[in-house]
Amino acid sequence: MYNLGDQFKRKQECGKANEKCIYKGNKYRITVLSERLIRLEYSENGQFLDAPTELVWNRVFEEPKFAAKEDGQYLEIKTPYLTLSYTKEKPFNSGAMNPTANLKISVNNSDKFWHFGHPEVRNFQSPLDFLSVGKNKGRTQKSLFSIDGFCSIDDSKSKIFLESGELVPREFNQIDTYVFIYLNDFDKCLKDYFTLTGKPALIPRYALGNWWCKNEKYNEEHIKKLVGAFEHNEIPLSILLLDKDWHKRKDLGNNKFSKTGFSFDRSLFKDPVELINFLHSKGIRLGLNINPGEGIYNIDDFYEKATQYLTPDSNGVIPFNVFDPKFVDVYIKLFIHPLDTIGTDFYWVDYYDKDKTEDLFLLKHYQFYDMMRDYKRRPMILGYNSGIAAHRYPVLYSGRTVVSWDTLRAIPLHNAHASNIGVSWWSHDIGGFYKGIEDNELYSRFVQLGVFSPIMKFGSDRGKYYKREPWRWNIKTYMIVQRYLQYRHKLIPYLYSEAYKYHMEGVPIVQPIYYKFPELYDDPLYKNEYYFGGELFVSPIIKPKDYVMNRSIHKFYIPEGIWYDITTGKKFHGGKGYVSFFRDEDYPVFARSGAIIPLSNNKVINDTTPPKDLGIEIFPGRSNSYKLYEDDGLSDLYRKGFYLLTTIDYNYLPNNYTVIIKAVEGKSGIVPEKRNYQIRFRNTKRTDDVKAIFNNAEVPCRTRVDELDFIVEIDDIPSIGSLTVTCKGDNIEIDAVRLINEDIQNILGDLQISTELKFKIDAILFSEASIAKKRIDIRKLKNAGLERKYIMLFLKLLELIEEI
């Protein structure tokens, strides 16, 4: 057994389930792991596995509620979710669709049942690797989510982890299957899955900001100039990710160069340490592209030392073999640790071979867990999906995509379907990676979607005509993109709190609308919509606008309840569909009534740390409570209690709003000692009856109105303690009901037609006449000089009005 290091060790005792929950015979073993999760093992030689596997790391669950009865021939196990019936010692896989099969698990309170070999055709699948569109759609894998309310995972062929961290084949053949029976409680299924396979990793706080990656041959001067341009244009940046050309590359002949390399190219980077220190001083973290798949070449700084332990092939290349613990040890210590030492923050593991997914899995596993040897640096890697417990190794990369509306259209569903297997942290190249046509509208819609996605990463191929820099577009596009990228960094307190909830409770960042409305799964209009954390709902714009109207005609569905457009504050009653007309600068993101959104108002542009200036947006309509989670965002000290949990309680009455901000768990010193609060009550009128109290003593506050919002500001308040803000007044809530007539009037006002014609069109559109009569009257305006393109536009608007 090779000693790889303590960070790789796998506790073998975690693989042993509670003996009280195991039913075992000569050839079978059935384990009740939870009320919803059953493990089924069958082995002709009576051997069963307790070791952790690639996928399954833990079988120690809280003892579930269940009842069992058995005799010499039959076994029945019943939990609140399922009833298992088994004819002892009989093979699991006989009986097929026969309801008298040897093994059957019925779903309680339904007519559904699972049997061994069930086709599970209602499984919704999850993305496996690339974000591909058209004829070359990316591969999918079976997921946990099914409208049947059950799914199974076959772990029979998984390799096993030794205590040392080595991965080895099983020594015997057996059936080893896990069956989840959850009916309508998919959230509980996910919790069981994460207990079984390991919690989702908590990514560093900086990963929630804006990433930059372009396949350029940068040098120190280029990078400093790039960082300066971001600063000059007031666009925040949290990650610089360097593609292949940062390192030495072996000349392979025929104008080909190696992908593998681990030593900085000193002709480009004379002083890597100085560069990394420069980036860190600007609040920017560095990621490096690495790919050991070709082996290790003699161009690398520590090649000669590596040959003392590993034997090169006939070409002088040390072969890549991630299943050889000696190779892994040398690779990690001689080629990765030196990069760690100079301050590299994380790695892009750019290895992929669709026929060697286990190689990819194990490489990512070793790369990720090696980072755990240093508690001061929280692990994170970027890489392709191996399909094995991807939630443990964030962030996933969807590959080099074509610049197109088709690519944009594929992203929301890709992110949503990923939640079906418990994965949240997918990264896509915002704007597309290569080919296609660079287009202002497409670029800005990519950015807007990226801001309301788990990871916001720019990425493109090399070349001056791939425009990912916001300042290289026209002024309108630049202003739109600048505003959204600034808002992404403001959102970090909210995103990080949701990331912690995902880590601790297993609640995905993105949840597709079909979790609550399965009938919308195939709906062409609404299937792309998703919940973004616990407070927001997104209906992405994924097709070009109407260029005559200069608006995106967007149909969307609003879930049950009351929701507000986060930009305009317009109010939408849920449970039905709407149509709206969105300008280039607008994006359909909605906050539920009572939503509490913590925001960063940090004045330092790239600062992603817990803010001294904390903004809190609160929407009216109902009482609510939000848990703001904060830690240093960089280390694993949060595991030792170095974090702060603050509750934000909103008590709503139509004429009385009360907000209580109180630190309830954790330690002091995690966030700034004192904070400046800006509490923005959305859709609220001014009131002079405002009181702020900290720990029973009244403190001064300032108030002002910003369009439809009422703002209360309190400065220099200790972070540890209780701050209460009360606003009273008659009819202080502004209704702001969304009206289709306002949208149409705004469209009409923006059109380049004569004002006299606008009055005539207005009179027709808003008259009491029938739609048919309005169509006739619009067509008659041709005689008054209305161009055909505008006639067709208003006929389309009438069609939309008729649908509402």
# chains A, B, ... in the order shown; residues from 1 in each chain; ligands from 1

$ select_by_dssp --residues "stretch 339-495 of chain A" --states "strand (DSSP E or B)" --output "list in words"
Phe346, Tyr347, Trp348, Val349, Ile381, Leu382, Gly383, Leu396, Tyr397, Val402, Trp426, Ser427, Asp429, Ile430, Tyr434, Met456, Lys457, Phe458, Gly459 and Ser460 of chain A

$ write_last_selection --atoms "C-alpha atoms" --output "compact mmCIF listing (two decimals), in the first residue's frame"
# COMPACT_ATOMS: atom_id res chain seq x y z
CA PHE A 346 -6.64 26.72 -8.48
CA TYR A 347 -6.27 24.61 -11.63
CA TRP A 348 -8.17 24.00 -14.82
CA VAL A 349 -7.70 20.25 -15.32
CA ILE A 381 -10.74 22.89 -9.76
CA LEU A 382 -12.26 23.45 -13.18
CA GLY A 383 -12.66 20.41 -15.39
CA LEU A 396 -17.47 21.67 -14.26
CA TYR A 397 -16.61 23.00 -17.72
CA VAL A 402 -19.79 27.92 -30.96
CA TRP A 426 -21.37 24.32 -14.29
CA SER A 427 -19.24 26.85 -16.18
CA ASP A 429 -17.88 30.25 -22.01
CA ILE A 430 -19.98 33.41 -21.90
CA TYR A 434 -15.21 30.22 -31.24
CA MET A 456 -19.96 33.76 -14.69
CA LYS A 457 -16.96 32.96 -16.90
CA PHE A 458 -15.88 34.75 -20.06
CA GLY A 459 -14.04 32.45 -22.46
CA SER A 460 -13.03 32.53 -26.12

$ closest_atom_pairs --of "stretch 605-633 of chain A" --to "stretch 711-719 of chain A" --cutoff "12 Å" --atoms "only C-alpha atoms" --output "JSON lines"
{"residue": "A:Pro610", "atom": "CA", "partner": "A:Ser719", "partner_atom": "CA", "distance": 11.2}
{"residue": "A:Pro611", "atom": "CA", "partner": "A:Ser719", "partner_atom": "CA", "distance": 10.9}
{"residue": "A:Lys612", "atom": "CA", "partner": "A:Asp716", "partner_atom": "CA", "distance": 9.2}
{"residue": "A:Asp613", "atom": "CA", "partner": "A:Asp715", "partner_atom": "CA", "distance": 8.8}
{"residue": "A:Leu614", "atom": "CA", "partner": "A:Glu713", "partner_atom": "CA", "distance": 10.1}
{"residue": "A:Gly615", "atom": "CA", "partner": "A:Glu713", "partner_atom": "CA", "distance": 9.2}
{"residue": "A:Ile616", "atom": "CA", "partner": "A:Ile711", "partner_atom": "CA", "distance": 9.8}
{"residue": "A:Glu617", "atom": "CA", "partner": "A:Ile711", "partner_atom": "CA", "distance": 9.3}
{"residue": "A:Ile618", "atom": "CA", "partner": "A:Ile711", "partner_atom": "CA", "distance": 10.3}
{"residue": "A:Glu630", "atom": "CA", "partner": "A:Ser719", "partner_atom": "CA", "distance": 11.6}

$ write_last_selection --atoms "C-alpha atoms" --output "CSV table (one decimal), in the first residue's frame"
chain,number,residue,atom,x,y,z
A,610,PRO,CA,-17.7,40.0,3.3
A,611,PRO,CA,-18.7,43.6,2.8
A,612,LYS,CA,-18.4,46.5,5.3
A,613,ASP,CA,-21.1,48.2,3.2
A,614,LEU,CA,-24.0,45.7,3.2
A,615,GLY,CA,-27.1,46.4,1.1
A,616,ILE,CA,-30.3,44.5,1.7
A,617,GLU,CA,-33.2,44.7,-0.7
A,618,ILE,CA,-36.6,43.7,0.6
A,630,GLU,CA,-20.2,34.5,5.8

$ closest_residue --among "A:Pro169, A:Gly343, A:Gly293, A:Pro654" --to "A:Lys376" --atoms "only C-alpha atoms"
A:Gly343

$ atom_distance --atom1 "atom CA of A:Pro588" --atom2 "atom CA of A:Leu800"
18.0 Å

$ closest_residue --among "A:Arg285, A:Lys88, A:Lys728, A:Lys142" --to "A:Lys27" --atoms "only C-alpha atoms"
A:Lys88

$ atom_distance --atom1 "atom CA of A:Thr684" --atom2 "atom CA of A:Gly569"
10.1 Å

$ select_by_dssp --residues "stretch 305-461 of chain A" --states "alpha helix (DSSP H)" --output "PyMOL selection string"
chain A and resi 305-306+325-330+337-341+357-370+405-418+440-451

$ closest_residue --among "A:Leu288, A:Leu485, A:Thr177, A:Glu166" --to "A:Leu363" --atoms "only C-alpha atoms"
A:Glu166

$ closest_residue --among "A:Lys244, A:Leu237, A:Glu41, A:Leu339" --to "A:Pro272" --atoms "only C-alpha atoms"
A:Leu339

$ residues_around --residues "A:Phe264" --least-positions-apart "3" --cutoff "8 Å" --atoms "only C-alpha atoms" --output "ChimeraX atom specification"
/A:246-248,269,272

$ write_last_selection --atoms "C-alpha atoms" --output "mmCIF file, in the first residue's frame"
data_model
loop_
_atom_site.group_PDB
_atom_site.id
_atom_site.type_symbol
_atom_site.label_atom_id
_atom_site.label_comp_id
_atom_site.auth_asym_id
_atom_site.auth_seq_id
_atom_site.Cartn_x
_atom_site.Cartn_y
_atom_site.Cartn_z
ATOM 1 C CA TRP A 246 1.387 30.157 -19.738
ATOM 2 C CA HIS A 247 3.720 27.125 -19.602
ATOM 3 C CA LYS A 248 6.571 25.763 -21.694
ATOM 4 C CA PHE A 269 6.683 35.542 -17.481
ATOM 5 C CA PRO A 272 5.667 34.585 -11.947
#

$ closest_residue --among "A:Arg583, A:Lys11, A:Lys760, A:His417" --to "A:Thr477" --atoms "only C-alpha atoms"
A:Arg583

$ closest_residue --among "A:Gly463, A:Gly387, A:Pro52, A:Gly436" --to "A:Asp406" --atoms "only C-alpha atoms"
A:Gly436

$ atom_distance --atom1 "atom CA of A:Leu275" --atom2 "atom CA of A:Val395"
24.3 Å

$ residues_around --residues "A:Tyr297" --least-positions-apart "2" --cutoff "7 Å" --atoms "only C-alpha atoms" --output "PyMOL selection string"
chain A and resi 295+299-300+303+317-318

$ residues_around --residues "A:Ile160" --least-positions-apart "4" --cutoff "6 Å" --atoms "only C-alpha atoms" --output "ChimeraX atom specification"
/A:52-53,167-168

$ residues_around --residues "A:Trp471" --least-positions-apart "2" --cutoff "9 Å" --atoms "only C-alpha atoms" --output "number ranges by chain"
A: 229-230, 233, 468-469, 473-475, 477-479, 482

$ residues_around --residues "A:Arg702" --least-positions-apart "2" --cutoff "12 Å" --atoms "only C-alpha atoms" --output "list in words"
Asn676, Tyr677, Gln678, Ile679, Arg680, Arg686, Thr687, Asp688, Asp689, Val690, Lys691, Ala692, Val699, Pro700, Arg704, Val705, Phe710, Ile711, Val712, Glu713, Ile714, Asp715 and Val725 of chain A
